[in-house]
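Visitor: Compact mmCIF, C-alpha atoms, saved as work-v7.txt, coming up:
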# COMPACT_ATOMS: atom_id res chain seq x y z
CA MET A 1 86.35 106.79 101.55
CA SER A 2 84.88 108.85 104.39
CA THR A 3 85.10 107.33 107.86
CA LYS A 4 82.47 109.65 109.32
CA LYS A 5 79.80 107.73 111.21
CA GLU A 6 76.19 108.70 110.59
CA GLY A 7 74.76 110.75 113.44
CA LYS A 8 78.14 111.25 115.11
CA LEU A 9 79.48 114.72 115.90
CA SER A 10 82.49 115.75 113.81
CA LEU A 11 85.55 117.56 115.14
CA SER A 12 84.36 120.87 113.68
CA THR A 13 81.00 120.45 115.38
CA LEU A 14 82.67 119.66 118.70
CA VAL A 15 84.79 122.80 118.37
CA ALA A 16 81.64 124.81 117.68
CA VAL A 17 80.00 123.45 120.82
CA ALA A 18 83.15 123.95 122.91
CA ALA A 19 83.67 127.51 121.67
CA GLY A 20 80.01 128.34 122.21
CA ASN A 21 80.27 127.06 125.77
CA VAL A 22 83.37 129.04 126.70
CA ILE A 23 82.81 132.31 124.78
CA GLY A 24 79.99 133.74 126.82
CA ALA A 25 79.04 137.00 128.43
CA GLY A 26 82.30 136.98 130.44
CA VAL A 27 84.46 138.40 127.66
CA ILE A 28 81.92 141.19 127.13
CA THR A 29 81.50 142.18 130.77
CA THR A 30 84.71 141.35 132.62
CA THR A 31 87.38 142.72 130.27
CA GLY A 32 86.66 146.25 131.45
CA LEU A 33 86.88 145.12 135.07
CA ALA A 34 90.34 143.67 134.39
CA ILE A 35 91.37 146.94 132.75
CA ALA A 36 90.43 148.71 135.97
CA GLN A 37 92.92 146.45 137.78
CA THR A 38 95.92 146.43 135.43
CA GLY A 39 95.29 149.04 132.72
CA ARG A 40 96.55 148.45 129.19
CA SER A 41 98.13 145.15 130.22
CA ALA A 42 94.71 143.51 130.61
CA TRP A 43 95.47 141.54 127.43
CA ILE A 44 98.45 139.96 129.18
CA SER A 45 96.21 139.02 132.12
CA TYR A 46 93.82 137.43 129.64
CA GLY A 47 96.59 135.46 127.95
CA LEU A 48 97.74 134.13 131.31
CA ALA A 49 94.14 133.37 132.28
CA VAL A 50 93.64 131.25 129.15
CA LEU A 51 96.87 129.32 129.81
CA PHE A 52 96.00 128.69 133.45
CA GLY A 53 92.46 127.77 132.43
CA PHE A 54 93.87 125.20 130.02
CA LEU A 55 96.04 123.80 132.82
CA TRP A 56 92.86 123.22 134.83
CA LEU A 57 91.10 121.37 132.05
CA TYR A 58 94.07 119.47 130.63
CA PRO A 59 93.37 116.49 132.95
CA THR A 60 90.00 116.28 131.16
CA CYS A 61 91.92 115.99 127.89
CA LEU A 62 93.96 113.15 129.38
CA TRP A 63 90.89 111.24 130.62
CA THR A 64 88.99 111.60 127.35
CA SER A 65 92.06 110.56 125.33
CA PHE A 66 91.61 106.91 126.34
CA THR A 67 87.91 106.63 127.25
CA LYS A 68 84.50 107.19 125.70
CA SER A 69 81.83 107.98 128.25
CA ARG A 70 78.45 109.43 129.11
CA GLY A 71 78.00 111.88 131.95
CA GLY A 72 81.04 114.11 131.49
CA ALA A 73 83.01 114.86 134.65
CA TYR A 74 80.55 112.85 136.77
CA THR A 75 81.64 109.64 135.05
CA GLN A 76 85.33 110.49 135.33
CA ILE A 77 85.09 111.17 139.06
CA SER A 78 82.94 108.08 139.71
CA ALA A 79 85.31 105.84 137.75
CA CYS A 80 88.41 107.22 139.44
CA MET A 81 87.25 107.90 143.02
CA GLY A 82 84.13 105.82 143.50
CA LYS A 83 80.39 106.35 143.36
CA LEU A 84 80.11 108.55 146.48
CA ALA A 85 82.57 111.11 145.14
CA GLY A 86 80.80 111.10 141.78
CA GLY A 87 77.39 111.45 143.39
CA ILE A 88 78.46 114.39 145.55
CA PHE A 89 80.02 116.06 142.50
CA SER A 90 76.75 115.76 140.58
CA LEU A 91 74.86 117.33 143.50
CA TRP A 92 77.36 120.18 143.72
CA TRP A 93 76.76 120.64 140.01
CA LEU A 94 73.03 121.36 140.39
CA PRO A 95 73.46 125.07 141.30
CA MET A 96 75.21 125.53 137.94
CA PHE A 97 71.75 125.59 136.35
CA LEU A 98 71.15 128.95 138.02
CA MET A 99 74.14 130.45 136.23
CA SER A 100 72.71 129.57 132.83
CA ALA A 101 69.42 131.12 133.89
CA LEU A 102 71.05 134.56 133.94
CA MET A 103 71.66 134.38 130.20
CA GLY A 104 67.99 134.70 129.26
CA THR A 105 67.68 138.13 130.83
CA ALA A 106 70.98 139.24 129.30
CA LEU A 107 69.80 138.11 125.86
CA GLY A 108 66.64 140.17 126.22
CA MET A 109 68.65 143.22 127.25
CA TYR A 110 71.04 143.05 124.28
CA VAL A 111 68.26 142.46 121.74
CA ASN A 112 66.35 145.40 123.27
CA SER A 113 69.45 147.60 122.83
CA VAL A 114 69.30 146.88 119.08
CA LEU A 115 65.51 146.93 118.73
CA PRO A 116 64.09 149.05 121.59
CA ILE A 117 60.57 148.21 120.46
CA LEU A 118 61.09 144.65 121.75
CA PRO A 119 60.56 144.37 125.54
CA VAL A 120 63.46 142.89 127.51
CA LYS A 121 61.39 140.36 129.47
CA TRP A 122 59.35 138.86 126.68
CA THR A 123 62.23 138.86 124.22
CA GLY A 124 64.42 136.98 126.71
CA ILE A 125 61.62 134.48 127.37
CA LEU A 126 60.98 133.95 123.65
CA ILE A 127 64.64 133.37 122.72
CA SER A 128 65.20 131.08 125.70
CA THR A 129 62.13 129.08 124.70
CA VAL A 130 63.35 128.74 121.09
CA PHE A 131 66.62 127.16 122.25
CA PHE A 132 64.73 124.95 124.70
CA VAL A 133 62.57 123.61 121.83
CA ILE A 134 65.63 123.12 119.59
CA ASN A 135 67.29 120.97 122.24
CA LEU A 136 64.17 118.83 122.62
CA PHE A 137 64.97 117.48 119.14
CA GLY A 138 68.27 116.01 120.33
CA VAL A 139 71.99 116.60 120.10
CA ASN A 140 72.23 116.51 116.30
CA VAL A 141 69.69 119.29 115.78
CA MET A 142 71.35 121.36 118.51
CA SER A 143 74.76 120.95 116.88
CA LYS A 144 73.48 121.95 113.43
CA ILE A 145 72.21 125.21 114.89
CA GLN A 146 75.37 125.72 116.97
CA LYS A 147 77.82 125.70 114.07
CA PRO A 148 76.64 128.79 112.17
CA LEU A 149 75.98 130.71 115.40
CA THR A 150 79.55 130.05 116.59
CA VAL A 151 81.00 131.11 113.23
CA ILE A 152 79.08 134.40 113.45
CA LEU A 153 80.33 134.89 117.03
CA ILE A 154 83.99 134.35 116.13
CA VAL A 155 83.72 136.61 113.07
CA GLY A 156 82.10 139.32 115.21
CA LEU A 157 84.87 139.29 117.82
CA LEU A 158 87.57 139.14 115.13
CA ALA A 159 85.99 142.18 113.46
CA PHE A 160 86.24 144.04 116.78
CA VAL A 161 89.95 143.21 116.95
CA VAL A 162 90.76 144.01 113.31
CA VAL A 163 88.79 147.29 113.18
CA GLY A 164 90.03 148.28 116.63
CA MET A 165 93.66 147.92 115.54
CA GLY A 166 93.09 150.88 113.26
CA HIS A 167 92.02 153.08 116.17
CA LEU A 168 94.80 152.46 118.70
CA ASN A 169 96.05 155.23 120.96
CA GLU A 170 99.71 156.18 120.94
CA GLY A 171 101.88 153.92 123.08
CA ALA A 172 99.72 150.82 122.72
CA PHE A 173 102.85 148.67 122.37
CA ASP A 174 105.02 150.68 124.79
CA PHE A 175 105.18 148.75 128.07
CA SER A 176 106.84 151.71 129.78
CA GLN A 177 103.64 153.74 129.55
CA PRO A 178 102.18 154.52 133.00
CA ASP A 179 98.87 152.91 131.97
CA TYR A 180 100.63 149.56 131.57
CA PHE A 181 100.86 147.30 134.63
CA MET A 182 98.81 149.62 136.80
CA ASN A 183 99.00 148.37 140.41
CA GLY A 184 102.05 146.27 139.53
CA ALA A 185 102.12 142.48 139.72
CA GLY A 186 99.15 142.53 142.08
CA GLY A 187 97.02 144.30 139.50
CA LEU A 188 98.05 141.81 136.82
CA LEU A 189 97.13 138.93 139.14
CA ASN A 190 93.79 140.53 140.08
CA GLY A 191 93.02 140.89 136.39
CA LEU A 192 93.90 137.24 135.82
CA MET A 193 91.59 136.13 138.65
CA LEU A 194 88.72 138.17 137.23
CA LEU A 195 89.15 136.61 133.80
CA ILE A 196 90.14 133.01 134.47
CA TYR A 197 86.65 131.67 135.05
CA SER A 198 85.70 132.63 131.49
CA THR A 199 88.51 130.50 130.04
CA SER A 200 87.72 126.88 130.88
CA GLY A 201 84.07 126.27 129.96
CA HIS A 202 85.04 124.33 126.83
CA SER A 203 85.88 121.30 128.97
CA LEU A 204 82.10 120.69 129.05
CA VAL A 205 82.35 119.31 125.51
CA SER A 206 83.63 116.12 127.17
CA SER A 207 79.99 115.33 127.98
CA LEU A 208 79.43 114.69 124.25
CA SER A 209 82.06 111.94 124.12
CA TRP A 210 79.48 109.20 123.50
CA ASP A 211 77.99 111.13 120.58
CA ALA A 212 81.31 112.10 118.98
CA GLU A 213 83.06 110.71 115.94
CA ASN A 214 86.45 109.25 116.99
CA PRO A 215 85.94 110.61 120.55
CA LYS A 216 89.29 109.64 122.07
CA LYS A 217 91.03 111.81 119.49
CA ASN A 218 88.45 114.50 118.77
CA ILE A 219 87.27 115.46 122.26
CA PRO A 220 90.80 116.40 123.47
CA LEU A 221 91.52 118.04 120.10
CA ALA A 222 88.32 120.10 120.32
CA ILE A 223 89.38 121.37 123.75
CA MET A 224 92.89 122.20 122.53
CA ILE A 225 91.73 123.91 119.33
CA THR A 226 89.19 125.95 121.25
CA THR A 227 91.90 127.00 123.70
CA GLY A 228 93.93 128.32 120.75
CA ILE A 229 90.89 130.16 119.41
CA ILE A 230 90.11 131.92 122.67
CA LEU A 231 93.78 132.70 123.32
CA VAL A 232 93.87 134.74 120.10
CA LEU A 233 90.37 136.20 120.47
CA TYR A 234 90.53 137.11 124.16
CA MET A 235 94.00 138.65 124.02
CA GLY A 236 93.06 140.59 120.87
CA VAL A 237 89.77 141.80 122.31
CA ALA A 238 91.39 142.88 125.59
CA PHE A 239 94.25 144.64 123.74
CA VAL A 240 91.86 146.70 121.64
CA ASP A 241 89.51 147.37 124.55
CA ALA A 242 92.38 148.80 126.63
CA ASN A 243 94.16 150.76 123.91
CA VAL A 244 91.55 152.68 121.91
CA LEU A 245 90.13 155.06 124.52
CA PRO A 246 91.71 156.48 127.69
CA ILE A 247 91.90 153.96 130.53
CA ALA A 248 89.81 156.20 132.77
CA GLU A 249 86.94 155.93 130.28
CA VAL A 250 86.95 152.16 129.67
CA ALA A 251 87.84 150.88 133.16
CA GLY A 252 84.89 148.90 134.42
CA GLN A 253 82.91 149.37 131.19
CA PRO A 254 81.55 146.50 129.04
CA LEU A 255 83.11 145.78 125.66
CA THR A 256 80.23 147.56 123.92
CA TYR A 257 81.58 150.91 125.17
CA VAL A 258 84.65 150.72 122.91
CA ALA A 259 82.69 148.97 120.15
CA LYS A 260 80.45 152.02 119.88
CA ALA A 261 83.53 154.19 119.38
CA ILE A 262 85.06 152.12 116.55
CA PHE A 263 81.97 150.94 114.66
CA PRO A 264 79.68 153.38 112.79
CA GLY A 265 75.96 153.09 113.67
CA PRO A 266 74.84 150.11 111.52
CA LEU A 267 78.10 148.24 112.12
CA PHE A 268 77.74 148.73 115.87
CA ILE A 269 74.32 147.08 115.71
CA ALA A 270 75.84 144.25 113.68
CA PHE A 271 78.51 143.83 116.34
CA ILE A 272 75.90 143.63 119.12
CA VAL A 273 74.21 140.81 117.21
CA ALA A 274 77.42 138.97 116.24
CA GLY A 275 79.19 139.57 119.55
CA PRO A 276 77.18 139.72 122.80
CA ILE A 277 73.97 138.17 121.45
CA MET A 278 75.74 135.27 119.73
CA ALA A 279 77.98 134.74 122.78
CA LEU A 280 74.90 134.26 124.94
CA ALA A 281 72.93 132.35 122.32
CA THR A 282 75.66 129.75 121.74
CA SER A 283 76.09 129.27 125.49
CA VAL A 284 72.36 128.79 126.02
CA ASN A 285 72.02 126.42 123.06
CA ALA A 286 74.98 124.19 123.99
CA GLY A 287 74.28 124.49 127.70
CA TYR A 288 71.23 122.23 127.69
CA GLN A 289 73.32 119.28 126.50
CA THR A 290 76.59 119.93 128.28
CA MET A 291 75.33 121.34 131.59
CA SER A 292 72.81 118.55 132.15
CA ALA A 293 75.18 115.63 131.43
CA PRO A 294 76.67 115.19 134.95
CA VAL A 295 73.20 115.27 136.49
CA LEU A 296 71.81 112.76 133.98
CA GLY A 297 74.65 110.36 134.76
CA ALA A 298 73.87 110.65 138.45
CA ILE A 299 70.15 110.08 137.89
CA LYS A 300 70.86 106.77 136.14
CA ASN A 301 72.86 105.68 139.17
CA GLY A 302 70.19 106.52 141.70
CA TRP A 303 71.37 109.83 143.14
CA LEU A 304 68.15 111.56 142.12
CA PRO A 305 64.67 110.19 141.29
CA PRO A 306 64.89 108.28 137.98
CA VAL A 307 61.75 109.90 136.56
CA ILE A 308 63.71 113.15 136.17
CA GLY A 309 65.94 111.52 133.56
CA LYS A 310 63.14 110.43 131.20
CA THR A 311 63.90 111.02 127.53
CA ASN A 312 61.72 111.63 124.48
CA LYS A 313 61.97 109.84 121.14
CA TYR A 314 64.92 112.05 120.15
CA GLY A 315 66.90 111.03 123.21
CA ALA A 316 66.49 114.44 124.87
CA PRO A 317 65.93 114.37 128.67
CA TRP A 318 62.86 116.57 128.45
CA ILE A 319 62.12 116.79 132.18
CA ILE A 320 65.62 118.07 133.02
CA TYR A 321 65.49 120.45 130.06
CA THR A 322 62.08 121.70 131.17
CA PHE A 323 63.46 122.33 134.65
CA MET A 324 66.38 124.30 133.16
CA TRP A 325 63.98 126.26 130.96
CA LEU A 326 61.72 127.11 133.90
CA LEU A 327 64.71 128.30 135.91
CA CYS A 328 65.39 130.67 133.06
CA VAL A 329 61.94 132.01 132.24
CA VAL A 330 60.13 132.10 135.60
CA PRO A 331 62.47 134.67 137.18
CA MET A 332 62.13 136.81 134.02
CA LEU A 333 58.37 136.43 134.07
CA PHE A 334 58.10 137.72 137.64
CA GLY A 335 61.00 140.15 137.49
CA VAL A 336 63.13 138.23 140.01
CA SER A 337 66.87 138.91 139.88
CA LEU A 338 69.08 135.83 140.07
CA ASN A 339 72.30 137.81 140.59
CA ALA A 340 72.15 137.64 144.38
CA LEU A 341 71.04 134.00 144.39
CA THR A 342 73.85 132.84 142.14
CA SER A 343 76.36 134.54 144.43
CA TYR A 344 75.57 131.82 146.94
CA THR A 345 76.68 129.05 144.56
CA VAL A 346 80.26 130.24 144.13
CA MET A 347 81.85 127.54 146.26
CA THR A 348 79.99 124.63 144.70
CA MET A 349 81.25 125.76 141.30
CA ARG A 350 84.85 126.06 142.46
CA ILE A 351 85.17 122.90 144.54
CA SER A 352 83.39 120.74 141.97
CA SER A 353 86.08 121.64 139.43
CA LEU A 354 88.74 120.90 142.06
CA LEU A 355 87.26 117.44 142.66
CA GLY A 356 87.64 116.67 138.96
CA LEU A 357 91.34 117.52 139.13
CA ILE A 358 91.86 115.35 142.20
CA ALA A 359 90.16 112.47 140.38
CA ALA A 360 92.76 112.69 137.62
CA LEU A 361 95.47 111.64 140.10
CA TYR A 362 94.00 108.12 140.06
CA ILE A 363 94.42 107.61 136.31
CA PRO A 364 97.95 106.07 136.15
CA LYS A 365 97.35 103.47 138.88
CA LYS A 366 93.71 102.63 138.25
CA PHE A 367 93.82 102.61 134.45
CA ASN A 368 97.51 101.95 133.83
CA ASP A 369 97.21 99.72 130.73
CA GLU A 370 94.56 101.86 129.03
CA TRP A 371 96.35 105.11 129.92
CA LYS A 372 99.59 103.88 128.32
CA LYS A 373 97.72 103.46 125.03
CA SER A 374 96.59 107.10 125.04
CA TRP A 375 97.97 109.40 122.35
CA LEU A 376 98.52 111.95 125.15
CA TYR A 377 100.39 109.51 127.40
CA MET A 378 103.22 111.01 129.42
CA PRO A 379 105.63 109.57 132.01
CA ASP A 380 104.35 109.49 135.59
CA GLY A 381 106.66 112.26 136.75
CA LEU A 382 105.40 114.71 134.13
CA PHE A 383 101.80 113.56 134.59
CA TYR A 384 101.77 114.21 138.33
CA PHE A 385 103.59 117.53 137.88
CA VAL A 386 100.88 118.75 135.47
CA VAL A 387 97.97 117.54 137.58
CA TRP A 388 99.38 118.82 140.87
CA ALA A 389 100.13 122.19 139.25
CA ALA A 390 96.48 122.34 138.18
CA ILE A 391 95.28 121.38 141.68
CA ILE A 392 97.51 123.88 143.50
CA THR A 393 96.64 126.80 141.24
CA ASN A 394 92.96 125.90 141.52
CA VAL A 395 93.15 125.89 145.32
CA ILE A 396 94.86 129.29 145.25
CA ALA A 397 92.11 130.62 142.98
CA ILE A 398 89.42 129.28 145.32
CA PHE A 399 91.13 130.92 148.31
CA LEU A 400 91.44 134.26 146.51
CA ASN A 401 87.82 134.03 145.44
CA ILE A 402 86.60 133.27 148.96
CA ARG A 403 88.46 136.32 150.22
CA THR A 404 86.15 138.50 148.12
CA LEU A 405 83.04 137.10 149.83
CA SER A 406 81.43 138.76 152.82
CA ALA A 407 81.16 136.70 156.00
CA GLY A 408 77.45 136.16 155.43
CA MET A 409 77.91 135.09 151.83
CA PHE A 410 80.74 132.73 152.80
CA ILE A 411 78.55 131.07 155.44
CA ALA A 412 75.66 130.77 152.97
CA ASN A 413 77.96 129.20 150.36
CA LEU A 414 79.29 126.80 152.98
CA ALA A 415 75.73 125.89 153.95
CA VAL A 416 74.85 125.06 150.32
CA VAL A 417 77.95 122.84 149.98
CA ALA A 418 77.26 121.14 153.33
CA ALA A 419 73.57 120.53 152.58
CA LEU A 420 74.26 118.97 149.18
CA THR A 421 77.07 116.84 150.62
CA LEU A 422 74.89 115.65 153.50
CA TYR A 423 72.12 114.69 151.11
CA GLY A 424 74.63 112.70 149.04
CA VAL A 425 75.95 110.81 152.08
CA VAL A 426 72.43 110.00 153.31
CA ARG A 427 71.26 108.99 149.85
CA ASN A 428 74.23 106.66 149.48
CA LYS A 429 73.46 104.96 152.80
CA THR A 430 69.91 104.15 151.71
CA GLY A 431 71.28 101.65 149.19
CA LYS A 432 69.44 103.36 146.33
CA THR A 433 72.66 104.33 144.53
CA ILE A 434 74.61 102.04 142.25
CA ASP A 435 78.09 102.05 140.75
CA SER A 436 77.59 101.64 137.01
CA SER A 437 79.25 104.59 135.30
CA GLU A 438 78.99 104.42 131.51
CA TYR A 439 82.45 104.42 129.99
CA THR A 440 84.42 102.24 127.65
CA PHE A 441 87.97 102.05 126.30
CA GLU A 442 86.71 101.17 122.82
CA ASP A 443 85.76 103.68 120.11
Written as structure tokens, how would this file's structure read?
Guide:
Amino acid sequence: MSTKKEGKLSLSTLVAVAAGNVIGAGVITTTGLAIAQTGRSAWISYGLAVLFGFLWLYPTCLWTSFTKSRGGAYTQISACMGKLAGGIFSLWWLPMFLMSALMGTALGMYVNSVLPILPVKWTGILISTVFFVINLFGVNVMSKIQKPLTVILIVGLLAFVVVGMGHLNEGAFDFSQPDYFMNGAGGLLNGLMLLIYSTSGHSLVSSLSWDAENPKKNIPLAIMITTGIILVLYMGVAFVDANVLPIAEVAGQPLTYVAKAIFPGPLFIAFIVAGPIMALATSVNAGYQTMSAPVLGAIKNGWLPPVIGKTNKYGAPWIIYTFMWLLCVVPMLFGVSLNALTSYTVMTMRISSLLGLIAALYIPKKFNDEWKKSWLYMPDGLFYFVVWAAIITNVIAIFLNIRTLSAGMFIANLAVVAALTLYGVVRNKTGKTIDSSEYTFED
């Protein structure tokens, strides 16, 4: 007899959401940039990036293996480090909404490349609005749409790999070729750093723990399965992208440059739909649920005005979703570019993920009995080795990322972090915040 609970998200659905979250525009746009750094060995950089990305999100697997919660990483940090740390994390998370806003414009551009008769601006606004409306009907409707879109996306990228294998240049598997390991170990590392931030977005599926079937098993499994999927896809895509045309031609170019060379006209159009458009569509669709979760948890605990968290009859937080939708469509409507603005949110993105890793250090002492019952339980020595490895590599990545910022951009990023932190400290002192994170050790 089936044990599936009505209305609960199955493992396959969770994988669809996780894959849709992580497979975004990054694989389309940054693979060529990595090729410019390390040549044909970009696929090795991508493989390492996926493995390091998994190291960063493995503590999320450990936390979700013995808890069921609302609020995603916000709840984990609050439970482990206290309400102030959780509140500040949720405030640092707010600029993330700007990143998702970029996807609307990109969607319009890719659809316009297939159907030039459709204007970029209005097409982007229309598609963004469709996904906004879908999410207003709740998590179950969103997930039903997400599944087929994710399947199309994975099939599209696999087709790129399979067809591309038939068009490889000579020496594709010869590591002694001069186009392999261009710029030595430094080039390989630079490629890794360019790619790594497109390899860990599937941890956001943890925000659906409360809505999942058998969450303590299926949330970690969804993250692990998705890691396996992107390891194969990303390495395959990068291998083909770097080994079909001369490096000088593809360095710095988007994935569509090689796709045009290996797919005949109609198939190229099909790839644009199944690849870039589906990558963006799945990220936008899942993003409403997963991106808003940490903020919604914070709203319930008084970090932001409670009216913002109001839900409709389908359980969708329509005010937050409307805010996210407006962030997407208003800039498109008035032709405002968000690229420069989002550059000033780099540090909040990086340090918020670091705070989640630090919170994991509290698990063995604060939740010792529950942690020992986890199916992912490991001895303390191994646990701390894994978590500290994740923390140290994350700090190194933050440092390397900061080095790429201009002095003005660094100061602006620092100002954003400081302002949000100050607000959190002041808000906490008003007595309006509470410590009532929603998590349980029961299924």
Visitor: Of the candidates A:Pro317, A:Pro178, A:Gly71, A:Pro246, which shows the shortest atom-to-atom distance to Pro294 of chain A, using only C-alpha atoms?
Guide: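 Residue with the minimum atom-to-atom distance to Pro294 of chain A: A:Gly71.
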Visitor: Which residue gives the smallest distance to Lys432 of chain A among A:Trp122, A:Phe181, A:Tyr234, A:Trp303, with all atoms listed in the file counted?
Guide: A:Trp303
Visitor: So how far away is atom CA of Phe160 of chain A from atom CA of Gly265 of chain A, in Å?
Guide: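 Interatomic distance, atom CA of Gly265 of chain A to atom CA of Phe160 of chain A: 14.0 Å.
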Visitor: Could you jot down the atom CA of Val395 of chain A to atom CA of Asn368 of chain A separation for me, Å, one decimal place?
Guide: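 Value for the atom CA of Val395 of chain A-atom CA of Asn368 of chain A distance: 26.9 Å.
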Visitor: How would you write as a ChimeraX atom specification the residues that get within 12 Å of (77.7, 146.6, 122.3) in the file's frame, counting all atoms listed in the file?
Guide: /A:25,27-29,109-114,156-157,160,253-279
Visitor: Could you work out how far atom CA of Lys68 of chain A lies from atom CA of Gly287 of chain A, giving the answer in Å with one decimal?
Guide: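 Going from atom CA of Gly287 of chain A over to atom CA of Lys68 of chain A, I get 20.2 Å.
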Visitor: For His167 of chain A, work out the shell of residues within 9 Å, counting all atoms listed in the file and skipping chain neighbours fewer than 4 positions away, then give it as a PyMOL selection string.
Guide: chain A and resi 163+240+243-245+262
Visitor: Contacts of Gly26 of chain A at 12 Å or less, counting all atoms listed in the file, minus same-chain residues fewer than 2 places along, as a PyMOL selection string?
Guide: chain A and resi 21-24+28-34+46+99+103+106+194-201+234+238+254-255+275-276+279-280+283
Visitor: Skipping near chain neighbours, those fewer than 6 positions away, what residues fall within 10 Å of Met81 of chain A using only C-alpha atoms, listed as a list in words?
Guide: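 The filter keeps Thr75, Leu355, Gly356, Ile358, Ala359, Ala360, Leu361, Tyr362, Ile363 and Lys366 of chain A.
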Visitor: Within 9 Å of (80.5, 107.5, 141.7) (coordinates as in the file), grab all the protein and nucleic acid residues, counting only C-alpha atoms, and write them out as a list in words.
Guide: Tyr74, Thr75, Gln76, Ile77, Ser78, Ala79, Cys80, Met81, Gly82, Lys83, Leu84, Ala85, Gly86, Gly87, Ile88, Phe89, Ala298, Asn301, Thr433, Ile434, Asp435, Ser436 and Ser437 of chain A
Visitor: Excluding Tyr314 of chain A and any residue of its chain fewer than 3 positions from it, enumerate the residues within 8 Å of it, using all atoms listed in the file, and give them as a ChimeraX atom specification.
Guide: /A:136-138,311
Visitor: Between A:Ile154, A:Ala172, A:Ala212, A:Ala19, which one has atoms that come closest to Ser69 of chain A, using all atoms listed in the file?
Guide: A:Ala212
Visitor: Between A:Met378, A:Ala159, A:Leu326, A:Met291, which residue has the minimum interatomic distance to Val237 of chain A, considering all atoms listed in the file?
Guide: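 The closest residue to Val237 of chain A is A:Ala159.
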